[in-house]
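Q: Got a structure for you, protein.cif, holding mmCIF, C-alpha atoms.
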```cif
data_run
#
loop_
_atom_site.group_PDB
_atom_site.id
_atom_site.type_symbol
_atom_site.label_atom_id
_atom_site.label_comp_id
_atom_site.auth_asym_id
_atom_site.auth_seq_id
_atom_site.Cartn_x
_atom_site.Cartn_y
_atom_site.Cartn_z
ATOM 1 C CA MET A 154 -102.746 -65.956 6.032
ATOM 2 C CA PRO A 155 -104.636 -68.017 3.419
ATOM 3 C CA MET A 156 -105.201 -71.652 4.357
ATOM 4 C CA GLY A 157 -103.418 -72.815 1.219
ATOM 5 C CA HIS A 158 -100.181 -71.182 2.450
ATOM 6 C CA ARG A 159 -100.478 -72.883 5.807
ATOM 7 C CA ARG A 160 -100.645 -76.276 4.084
ATOM 8 C CA ARG A 161 -97.672 -75.592 1.845
ATOM 9 C CA ASP A 162 -95.579 -74.396 4.783
ATOM 10 C CA ALA A 163 -96.325 -77.498 6.861
ATOM 11 C CA GLY A 164 -93.297 -79.492 5.693
ATOM 12 C CA ALA A 165 -93.013 -83.254 6.114
ATOM 13 C CA LEU A 166 -95.745 -84.847 8.223
ATOM 14 C CA ASN A 167 -94.512 -86.342 11.491
ATOM 15 C CA SER A 168 -96.023 -89.833 11.687
ATOM 16 C CA GLU A 169 -95.624 -93.275 13.228
ATOM 17 C CA ASN A 170 -96.995 -96.734 12.479
ATOM 18 C CA VAL A 171 -99.430 -97.932 15.146
ATOM 19 C CA SER A 172 -101.911 -100.748 15.665
ATOM 20 C CA PHE A 173 -105.020 -101.274 17.764
ATOM 21 C CA ASP A 174 -107.477 -104.050 18.508
ATOM 22 C CA SER A 175 -111.064 -104.212 17.303
ATOM 23 C CA ASP A 176 -112.922 -107.217 18.695
ATOM 24 C CA GLY A 177 -109.833 -109.433 18.456
ATOM 25 C CA CYS A 178 -108.666 -108.156 15.050
ATOM 26 C CA ARG A 179 -105.430 -106.150 14.805
ATOM 27 C CA LEU A 180 -105.794 -103.069 12.640
ATOM 28 C CA ALA A 181 -102.722 -101.161 11.472
ATOM 29 C CA GLY A 182 -102.571 -97.458 10.815
ATOM 30 C CA THR A 183 -100.641 -94.209 10.812
ATOM 31 C CA PHE A 184 -100.766 -91.773 13.702
ATOM 32 C CA ALA A 185 -99.596 -88.241 12.900
ATOM 33 C CA PRO A 186 -99.100 -86.382 16.202
ATOM 34 C CA VAL A 187 -98.603 -82.652 16.577
ATOM 35 C CA ALA A 188 -97.270 -80.717 19.544
ATOM 36 C CA ASP A 189 -99.946 -79.356 21.879
ATOM 37 C CA PRO A 190 -102.903 -80.571 19.767
ATOM 38 C CA VAL A 191 -106.150 -78.600 19.778
ATOM 39 C CA ALA A 192 -107.978 -81.702 18.533
ATOM 40 C CA ALA A 193 -107.401 -85.187 17.143
ATOM 41 C CA ALA A 194 -109.178 -86.478 14.039
ATOM 42 C CA LEU A 195 -109.976 -89.960 12.802
ATOM 43 C CA LEU A 196 -109.823 -90.053 8.997
ATOM 44 C CA LEU A 197 -112.123 -92.604 7.336
ATOM 45 C CA PRO A 198 -111.857 -93.438 3.611
ATOM 46 C CA GLY A 199 -114.616 -94.429 1.228
ATOM 47 C CA SER A 200 -115.915 -97.840 0.210
ATOM 48 C CA GLY A 201 -113.907 -100.536 -1.513
ATOM 49 C CA ARG A 202 -110.564 -102.170 -0.777
ATOM 50 C CA VAL A 203 -108.842 -98.859 -0.036
ATOM 51 C CA ASP A 204 -105.971 -98.530 2.419
ATOM 52 C CA ARG A 205 -105.238 -95.946 5.107
ATOM 53 C CA ASP A 206 -104.358 -93.349 2.456
ATOM 54 C CA SER A 207 -107.592 -93.991 0.467
ATOM 55 C CA ASN A 208 -105.658 -95.844 -2.248
ATOM 56 C CA LEU A 209 -106.491 -98.918 -4.308
ATOM 57 C CA ARG A 210 -103.849 -100.937 -6.106
ATOM 58 C CA TRP A 211 -104.985 -99.391 -9.380
ATOM 59 C CA LEU A 212 -106.147 -95.976 -8.199
ATOM 60 C CA ARG A 213 -104.343 -93.495 -5.923
ATOM 61 C CA LEU A 214 -106.755 -91.087 -4.276
ATOM 62 C CA ASP A 215 -104.419 -90.121 -1.388
ATOM 63 C CA LEU A 216 -107.390 -88.313 0.177
ATOM 64 C CA THR A 217 -106.880 -89.286 3.825
ATOM 65 C CA ARG A 218 -103.129 -88.687 3.590
ATOM 66 C CA ILE A 219 -103.743 -85.201 2.184
ATOM 67 C CA LEU A 220 -106.313 -84.522 4.902
ATOM 68 C CA ALA A 221 -103.715 -85.427 7.541
ATOM 69 C CA GLU A 222 -101.282 -82.971 5.944
ATOM 70 C CA THR A 223 -104.001 -80.297 5.860
ATOM 71 C CA LEU A 224 -104.947 -80.702 9.514
ATOM 72 C CA ALA A 225 -101.456 -80.904 11.045
ATOM 73 C CA PRO A 226 -100.623 -77.156 10.679
ATOM 74 C CA LEU A 227 -103.929 -76.387 12.408
ATOM 75 C CA GLY A 228 -102.823 -78.282 15.510
ATOM 76 C CA VAL A 229 -104.821 -81.463 14.794
ATOM 77 C CA SER A 230 -103.272 -84.893 15.311
ATOM 78 C CA THR A 231 -104.706 -87.576 13.020
ATOM 79 C CA LEU A 232 -105.183 -91.332 12.797
ATOM 80 C CA ARG A 233 -105.894 -93.278 9.627
ATOM 81 C CA TYR A 234 -105.843 -97.052 9.283
ATOM 82 C CA ASP A 235 -106.071 -99.951 6.854
ATOM 83 C CA LYS A 236 -109.421 -101.726 6.717
ATOM 84 C CA ARG A 237 -109.666 -105.376 7.699
ATOM 85 C CA GLY A 238 -107.879 -107.519 5.154
ATOM 86 C CA VAL A 239 -106.235 -104.486 3.522
ATOM 87 C CA GLY A 240 -102.591 -103.385 3.747
ATOM 88 C CA ALA A 241 -101.021 -104.295 7.070
ATOM 89 C CA SER A 242 -104.316 -105.003 8.893
ATOM 90 C CA ALA A 243 -105.416 -108.508 9.816
ATOM 91 C CA GLY A 244 -108.835 -109.974 9.016
ATOM 92 C CA ASP A 245 -110.747 -110.777 5.854
ATOM 93 C CA TYR A 246 -111.919 -107.923 3.660
ATOM 94 C CA LEU A 247 -114.658 -109.706 1.705
ATOM 95 C CA SER A 248 -116.546 -111.062 4.715
ATOM 96 C CA THR A 249 -116.529 -107.791 6.690
ATOM 97 C CA GLY A 250 -119.926 -106.136 6.878
ATOM 98 C CA PHE A 251 -120.932 -102.483 6.976
ATOM 99 C CA GLY A 252 -121.702 -102.700 10.694
ATOM 100 C CA ARG A 253 -118.336 -104.250 11.506
ATOM 101 C CA ARG A 254 -116.527 -101.437 9.707
ATOM 102 C CA ARG A 255 -118.431 -98.958 11.861
ATOM 103 C CA ASP A 256 -117.353 -100.892 14.980
ATOM 104 C CA ASP A 257 -113.741 -100.742 13.755
ATOM 105 C CA ALA A 258 -114.080 -96.957 13.452
ATOM 106 C CA ARG A 259 -115.322 -96.794 17.040
ATOM 107 C CA ALA A 260 -112.305 -98.839 18.177
ATOM 108 C CA ALA A 261 -110.059 -96.355 16.358
ATOM 109 C CA VAL A 262 -111.702 -93.430 18.173
ATOM 110 C CA ASP A 263 -111.178 -95.252 21.483
ATOM 111 C CA TRP A 264 -107.489 -95.636 20.633
ATOM 112 C CA LEU A 265 -107.224 -91.902 19.922
ATOM 113 C CA ALA A 266 -109.012 -91.063 23.178
ATOM 114 C CA ASN A 267 -106.556 -93.199 25.159
ATOM 115 C CA ARG A 268 -103.558 -91.785 23.307
ATOM 116 C CA LEU A 269 -104.645 -88.166 23.753
ATOM 117 C CA PRO A 270 -106.834 -87.966 26.871
ATOM 118 C CA GLY A 271 -108.754 -84.737 27.221
ATOM 119 C CA VAL A 272 -108.211 -83.676 23.603
ATOM 120 C CA PRO A 273 -111.407 -83.051 21.548
ATOM 121 C CA LEU A 274 -111.967 -85.810 19.003
ATOM 122 C CA LEU A 275 -113.148 -85.212 15.440
ATOM 123 C CA VAL A 276 -114.010 -87.545 12.594
ATOM 124 C CA VAL A 277 -113.558 -86.816 8.891
ATOM 125 C CA GLY A 278 -115.188 -89.363 6.593
ATOM 126 C CA HIS A 279 -115.389 -89.656 2.829
ATOM 127 C CA SER A 280 -118.259 -91.529 1.130
ATOM 128 C CA GLU A 281 -118.811 -94.710 3.210
ATOM 129 C CA GLY A 282 -116.511 -93.209 5.821
ATOM 130 C CA GLY A 283 -118.911 -90.291 6.021
ATOM 131 C CA MET A 284 -121.761 -92.653 6.896
ATOM 132 C CA HIS A 285 -119.734 -94.066 9.794
ATOM 133 C CA ALA A 286 -118.834 -90.519 10.818
ATOM 134 C CA ILE A 287 -122.553 -89.741 11.093
ATOM 135 C CA GLU A 288 -123.002 -92.543 13.632
ATOM 136 C CA LEU A 289 -119.940 -91.496 15.642
ATOM 137 C CA ALA A 290 -121.236 -87.933 15.813
ATOM 138 C CA ALA A 291 -124.734 -89.093 16.728
ATOM 139 C CA ASP A 292 -123.684 -91.184 19.727
ATOM 140 C CA GLY A 293 -121.532 -88.447 21.234
ATOM 141 C CA THR A 294 -118.231 -90.191 20.512
ATOM 142 C CA VAL A 295 -116.741 -87.127 18.793
ATOM 143 C CA ALA A 296 -116.912 -83.356 19.195
ATOM 144 C CA GLY A 297 -117.359 -82.619 15.489
ATOM 145 C CA ALA A 298 -117.684 -84.308 12.110
ATOM 146 C CA VAL A 299 -116.755 -83.579 8.499
ATOM 147 C CA LEU A 300 -118.888 -85.452 5.954
ATOM 148 C CA LEU A 301 -117.327 -85.562 2.491
ATOM 149 C CA SER A 302 -119.414 -86.952 -0.394
ATOM 150 C CA ALA A 303 -121.802 -88.599 2.067
ATOM 151 C CA ALA A 304 -125.492 -89.441 1.704
ATOM 152 C CA ALA A 305 -128.551 -88.689 3.832
ATOM 153 C CA ARG A 306 -130.848 -91.382 2.407
ATOM 154 C CA PRO A 307 -131.053 -95.178 2.882
ATOM 155 C CA GLY A 308 -128.334 -97.210 1.215
ATOM 156 C CA GLU A 309 -130.705 -98.958 -1.181
ATOM 157 C CA GLN A 310 -131.898 -95.581 -2.449
ATOM 158 C CA VAL A 311 -128.288 -94.470 -2.882
ATOM 159 C CA LEU A 312 -127.550 -97.584 -4.970
ATOM 160 C CA GLN A 313 -130.623 -96.947 -7.126
ATOM 161 C CA TRP A 314 -129.648 -93.293 -7.569
ATOM 162 C CA GLN A 315 -126.105 -94.332 -8.540
ATOM 163 C CA ALA A 316 -127.380 -96.768 -11.169
ATOM 164 C CA ALA A 317 -129.589 -94.126 -12.766
ATOM 165 C CA ALA A 318 -126.794 -91.538 -12.623
ATOM 166 C CA LEU A 319 -124.342 -93.974 -14.225
ATOM 167 C CA LEU A 320 -126.795 -94.672 -17.039
ATOM 168 C CA SER A 321 -127.013 -90.947 -17.701
ATOM 169 C CA THR A 322 -123.237 -90.747 -18.317
ATOM 170 C CA LEU A 323 -123.173 -93.371 -21.080
ATOM 171 C CA PRO A 324 -122.941 -92.303 -24.740
ATOM 172 C CA GLY A 325 -126.278 -92.097 -26.553
ATOM 173 C CA TRP A 326 -125.491 -95.017 -28.867
ATOM 174 C CA LEU A 327 -124.711 -97.278 -25.912
ATOM 175 C CA THR A 328 -127.810 -96.220 -23.988
ATOM 176 C CA ALA A 329 -129.956 -96.989 -27.053
ATOM 177 C CA GLY A 330 -128.275 -100.382 -27.389
ATOM 178 C CA LEU A 331 -129.040 -101.236 -23.781
ATOM 179 C CA ARG A 332 -132.690 -100.342 -24.304
ATOM 180 C CA LEU A 333 -132.930 -102.461 -27.444
ATOM 181 C CA ALA A 334 -131.390 -105.373 -25.569
ATOM 182 C CA ARG A 335 -133.873 -104.732 -22.731
ATOM 183 C CA ILE A 336 -131.016 -104.268 -20.268
ATOM 184 C CA ASP A 337 -132.198 -102.011 -17.479
ATOM 185 C CA SER A 338 -129.282 -101.168 -15.174
ATOM 186 C CA PRO A 339 -131.382 -100.025 -12.160
ATOM 187 C CA ALA A 340 -133.722 -103.011 -12.556
ATOM 188 C CA GLY A 341 -130.778 -105.380 -12.911
ATOM 189 C CA GLN A 342 -129.243 -103.946 -9.785
ATOM 190 C CA ARG A 343 -132.464 -104.511 -7.834
ATOM 191 C CA LYS A 344 -132.494 -108.156 -8.928
ATOM 192 C CA ARG A 345 -128.890 -108.658 -7.830
ATOM 193 C CA LEU A 346 -129.598 -107.031 -4.465
ATOM 194 C CA ASP A 347 -132.670 -109.250 -3.970
ATOM 195 C CA ARG A 348 -130.523 -112.291 -4.689
ATOM 196 C CA ILE A 349 -127.959 -111.155 -2.119
ATOM 197 C CA ARG A 350 -130.703 -110.613 0.475
ATOM 198 C CA ARG A 351 -132.065 -114.113 -0.066
ATOM 199 C CA SER A 352 -128.661 -115.788 0.180
ATOM 200 C CA GLY A 353 -127.663 -114.628 3.663
ATOM 201 C CA ALA A 354 -124.031 -115.401 2.772
ATOM 202 C CA ASP A 355 -121.120 -113.148 3.724
ATOM 203 C CA VAL A 356 -119.470 -113.617 0.329
ATOM 204 C CA GLN A 357 -121.281 -114.398 -2.910
ATOM 205 C CA ARG A 358 -120.261 -114.814 -6.519
ATOM 206 C CA MET A 359 -121.927 -112.361 -8.886
ATOM 207 C CA ARG A 360 -121.180 -112.524 -12.614
ATOM 208 C CA GLY A 361 -118.159 -114.657 -11.847
ATOM 209 C CA VAL A 362 -116.722 -112.256 -9.249
ATOM 210 C CA ARG A 363 -116.724 -112.796 -5.475
ATOM 211 C CA VAL A 364 -118.388 -109.809 -3.794
ATOM 212 C CA ASN A 365 -118.932 -108.721 -0.205
ATOM 213 C CA ALA A 366 -122.589 -109.718 0.036
ATOM 214 C CA ARG A 367 -122.832 -109.001 3.750
ATOM 215 C CA TRP A 368 -121.578 -105.438 3.279
ATOM 216 C CA LEU A 369 -124.038 -104.804 0.422
ATOM 217 C CA ARG A 370 -126.947 -106.240 2.408
ATOM 218 C CA GLU A 371 -126.169 -104.136 5.481
ATOM 219 C CA PHE A 372 -125.410 -100.975 3.527
ATOM 220 C CA ALA A 373 -128.668 -101.251 1.575
ATOM 221 C CA ALA A 374 -130.609 -101.537 4.847
ATOM 222 C CA TYR A 375 -128.844 -98.622 6.546
ATOM 223 C CA ASP A 376 -130.700 -95.313 6.899
ATOM 224 C CA PRO A 377 -128.576 -92.412 8.223
ATOM 225 C CA ALA A 378 -131.551 -90.117 8.887
ATOM 226 C CA PRO A 379 -132.228 -91.231 12.503
ATOM 227 C CA ALA A 380 -128.562 -90.719 13.401
ATOM 228 C CA LEU A 381 -128.452 -87.333 11.666
ATOM 229 C CA ARG A 382 -131.385 -86.210 13.828
ATOM 230 C CA ARG A 383 -129.408 -87.053 16.988
ATOM 231 C CA ILE A 384 -126.331 -85.003 16.086
ATOM 232 C CA THR A 385 -125.821 -81.925 18.278
ATOM 233 C CA VAL A 386 -122.094 -81.322 17.586
ATOM 234 C CA PRO A 387 -120.758 -79.125 14.743
ATOM 235 C CA VAL A 388 -120.941 -80.694 11.283
ATOM 236 C CA LEU A 389 -119.379 -79.668 7.979
ATOM 237 C CA ALA A 390 -120.799 -81.432 4.891
ATOM 238 C CA ILE A 391 -119.221 -81.016 1.448
ATOM 239 C CA THR A 392 -120.328 -82.738 -1.772
ATOM 240 C CA GLY A 393 -119.352 -82.002 -5.349
ATOM 241 C CA GLY A 394 -122.060 -80.566 -7.576
ATOM 242 C CA HIS A 395 -121.248 -83.226 -10.213
ATOM 243 C CA ASP A 396 -121.096 -86.171 -7.807
ATOM 244 C CA LEU A 397 -122.629 -89.246 -9.468
ATOM 245 C CA GLN A 398 -122.345 -91.612 -6.497
ATOM 246 C CA VAL A 399 -124.257 -89.653 -3.866
ATOM 247 C CA PRO A 400 -126.963 -87.040 -4.500
ATOM 248 C CA PRO A 401 -125.599 -83.507 -4.001
ATOM 249 C CA GLU A 402 -129.029 -82.423 -2.762
ATOM 250 C CA ASP A 403 -128.534 -84.621 0.317
ATOM 251 C CA VAL A 404 -126.384 -81.843 1.803
ATOM 252 C CA GLU A 405 -129.555 -79.762 2.166
ATOM 253 C CA VAL A 406 -131.333 -82.732 3.743
ATOM 254 C CA MET A 407 -128.527 -83.088 6.298
ATOM 255 C CA GLY A 408 -128.895 -79.433 7.178
ATOM 256 C CA ARG A 409 -132.567 -79.942 8.003
ATOM 257 C CA LEU A 410 -131.879 -83.010 10.153
ATOM 258 C CA VAL A 411 -128.744 -82.115 12.128
ATOM 259 C CA ARG A 412 -129.524 -80.300 15.405
ATOM 260 C CA GLY A 413 -126.038 -78.907 16.002
ATOM 261 C CA PRO A 414 -124.176 -76.112 14.135
ATOM 262 C CA PHE A 415 -124.246 -77.090 10.467
ATOM 263 C CA ASP A 416 -122.273 -75.861 7.480
ATOM 264 C CA GLY A 417 -123.240 -77.484 4.180
ATOM 265 C CA ARG A 418 -121.625 -76.851 0.797
ATOM 266 C CA VAL A 419 -122.192 -78.193 -2.718
ATOM 267 C CA VAL A 420 -119.061 -77.275 -4.628
ATOM 268 C CA GLY A 421 -119.139 -76.448 -8.342
ATOM 269 C CA ASP A 422 -118.227 -79.157 -10.843
ATOM 270 C CA LEU A 423 -116.486 -81.511 -8.404
ATOM 271 C CA GLY A 424 -117.125 -85.241 -8.667
ATOM 272 C CA HIS A 425 -117.196 -87.906 -5.961
ATOM 273 C CA LEU A 426 -113.408 -87.844 -5.571
ATOM 274 C CA LEU A 427 -113.546 -84.086 -4.850
ATOM 275 C CA ARG A 428 -111.683 -83.327 -8.064
ATOM 276 C CA PRO A 429 -113.109 -81.421 -11.049
ATOM 277 C CA ASP A 430 -115.435 -83.480 -13.280
ATOM 278 C CA PRO A 431 -116.805 -80.833 -15.668
ATOM 279 C CA ASP A 432 -118.198 -83.396 -18.147
ATOM 280 C CA ARG A 433 -119.966 -85.513 -15.483
ATOM 281 C CA LEU A 434 -118.099 -88.687 -16.437
ATOM 282 C CA GLY A 435 -118.026 -90.113 -12.930
ATOM 283 C CA MET A 436 -116.284 -93.471 -12.548
ATOM 284 C CA ARG A 437 -115.489 -93.560 -16.262
ATOM 285 C CA ASP A 438 -112.961 -90.764 -15.676
ATOM 286 C CA TYR A 439 -111.507 -91.779 -12.296
ATOM 287 C CA ARG A 440 -108.077 -92.753 -13.607
ATOM 288 C CA ARG A 441 -107.653 -89.332 -15.162
ATOM 289 C CA ALA A 442 -109.414 -87.462 -12.351
ATOM 290 C CA VAL A 443 -106.929 -88.585 -9.690
ATOM 291 C CA ARG A 444 -104.111 -86.928 -11.645
ATOM 292 C CA ARG A 445 -105.693 -83.610 -10.689
ATOM 293 C CA PRO A 446 -105.286 -82.239 -7.157
ATOM 294 C CA ILE A 447 -108.128 -82.287 -4.675
ATOM 295 C CA ALA A 448 -109.992 -79.006 -5.065
ATOM 296 C CA PRO A 449 -108.401 -76.315 -2.862
ATOM 297 C CA ALA A 450 -111.916 -75.099 -2.011
ATOM 298 C CA VAL A 451 -112.560 -78.390 -0.179
ATOM 299 C CA LEU A 452 -109.342 -78.347 1.837
ATOM 300 C CA ASP A 453 -109.689 -74.650 2.614
ATOM 301 C CA SER A 454 -113.280 -75.159 3.803
ATOM 302 C CA ILE A 455 -112.183 -77.939 6.158
ATOM 303 C CA ALA A 456 -109.286 -75.842 7.469
ATOM 304 C CA ASP A 457 -111.508 -72.788 8.039
ATOM 305 C CA TRP A 458 -114.142 -74.895 9.816
ATOM 306 C CA VAL A 459 -111.614 -76.520 12.138
ATOM 307 C CA ALA A 460 -109.907 -73.199 12.887
ATOM 308 C CA ALA A 461 -113.258 -71.592 13.700
ATOM 309 C CA HIS A 462 -114.328 -74.285 16.182
ATOM 310 C CA TRP A 463 -110.948 -75.356 17.601
ATOM 311 C CA PRO A 464 -108.582 -72.386 17.206
ATOM 312 C CA SER A 465 -104.953 -73.216 17.889
ATOM 313 C CA THR A 466 -104.104 -69.775 19.292
ATOM 314 C CA GLY A 467 -106.618 -70.077 22.107
ATOM 315 C CA ARG A 468 -105.312 -73.441 23.299
ATOM 316 C CA ARG A 469 -101.666 -72.391 23.140
ATOM 317 C CA ALA A 470 -102.437 -69.214 25.053
ATOM 318 C CA CYS A 471 -104.113 -71.298 27.773
ATOM 319 C CA ALA A 472 -101.179 -73.703 27.821
ATOM 320 C CA GLY A 473 -98.801 -70.820 28.472
ATOM 321 C CA ASP A 474 -100.823 -69.352 31.353
#
```
Since I need it in another form, could you write the structure as structure tokens?
A:
Amino acid sequence: MPMGHRRRDAGALNSENVSFDSDGCRLAGTFAPVADPVAAALLLPGSGRVDRDSNLRWLRLDLTRILAETLAPLGVSTLRYDKRGVGASAGDYLSTGFGRRRDDARAAVDWLANRLPGVPLLVVGHSEGGMHAIELAADGTVAGAVLLSAAARPGEQVLQWQAAALLSTLPGWLTAGLRLARIDSPAGQRKRLDRIRRSGADVQRMRGVRVNARWLREFAAYDPAPALRRITVPVLAITGGHDLQVPPEDVEVMGRLVRGPFDGRVVGDLGHLLRPDPDRLGMRDYRRAVRRPIAPAVLDSIADWVAAHWPSTGRRACAGD
């Protein structure tokens, strides 16, 4: 039966509100249990003030919610949670660094392990969540990882690549105007990052807006390559061919670094949100892009990968013996 039919036949997702502790901070989330699970997956959203469903106040991605609905018919229980200072979670969003968010993800995996002892644990991360998923897979915390729109190069290089990619999406008249005004977006970004490094503050005001300086500083310094080299568990990496926030060619780099079974895919004209972006508009088209469904090819690839490594029929047959 095609994977798409299995998702449509799943019905309403059984779920409950839960909370767990991460170094004294209460984080709230949604646990979606299934009967006789073959695995349990932690779902990690991308960067920004997104909630457990990958949604901002002004932009509904619904990615992690849809992933939970995709995995449930395959016999996979899931956990997704609000970041610190977001939704129902305690803490302060702006002062939370990149490293702390990774520690919160580890606390979430520990909660899953205690809730479902003996069940294989997976992690599915999008964008920033994919970077944390790399670390969880590298230290043996999980039995498999799905990396969606993730990068294989240091954070500072990702930021520089993003700035250049964004410049390439601007209309010709605007690009010419920026050059005449001697406004260099990549160079300007480097100056702002240098200022953040020198400050040492957790929160800093940039162009009149308070930004998470600690997160930017730590993300820029982070290099996923050493962790990728330590991964021996199965990995599925998917990036859109028109992604303008992470380099699609990093999927090939991951394949060279990961030591475990690796399946890497660069999918057609998909953008960073895993929706079609045929004109390569990137963030300029996000409001319209989220009105389109997540590409079935992405969800089907995840479902096929999970079913291949953790087949539900095998576990249920064992349970009935």
Q: Give me the residues of range 167-213 of chain A that have any atom at most 6 Å from an atom of range 225-235 of chain A; for each, the nearest atom pair and the distance in Å, rounded to one decimal. Use only C-alpha atoms, sort by chain and number, and format it as CSV.
A:
```
residue,atom,partner,partner_atom,distance
A:Ala181,CA,A:Tyr234,CA,5.6
A:Gly182,CA,A:Tyr234,CA,3.6
A:Thr183,CA,A:Arg233,CA,5.5
A:Phe184,CA,A:Leu232,CA,4.5
A:Ala185,CA,A:Thr231,CA,5.2
A:Pro186,CA,A:Ser230,CA,4.5
A:Val187,CA,A:Ser230,CA,5.3
A:Pro190,CA,A:Gly228,CA,4.8
A:Val191,CA,A:Gly228,CA,5.4
A:Ala192,CA,A:Val229,CA,4.9
A:Ala193,CA,A:Ser230,CA,4.5
A:Ala194,CA,A:Thr231,CA,4.7
A:Leu195,CA,A:Leu232,CA,5.0
A:Leu196,CA,A:Arg233,CA,5.1
A:Asp204,CA,A:Asp235,CA,4.7
A:Arg205,CA,A:Tyr234,CA,4.4
```
Q: Report as number ranges by chain the residues that result from applying the PyMOL selection byres ((chain A and resi 438) around 12) to the structure here.
A: A: 212, 319, 322-323, 397, 424-426, 428-437, 439-445
Q: Measure the distance from CA of Leu301 in chain A to CA of Arg345 in chain A in Å and round it to one decimal.
A: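 A separation of 27.8 Å between them.
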Q: My list of candidates is A:Arg268, A:Arg218, A:Arg253, A:Arg350. Which is closest to Leu166 in chain A when distances are computed with only C-alpha atoms?
A: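 Between A:Arg268, A:Arg218, A:Arg253, A:Arg350, the residue approaching Leu166 in chain A most closely is A:Arg218.
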Q: Near Leu275 in chain A, counting all atoms listed in the file, which residues have an atom at most 12 Å away, once you skip same-chain residues fewer than 6 positions from it, shown as an NGL selection string?
A: :A and (191-197 or 224 or 229-232 or 258-259 or 261-263 or 265-266 or 286-287 or 289-290 or 293-300 or 386-389 or 455 or 458-459 or 462-463)
Q: So how far away is CA of Gln315 in chain A from CA of Gly244 in chain A, in Å?
A: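 Here the two named atoms are 29.2 Å from each other.
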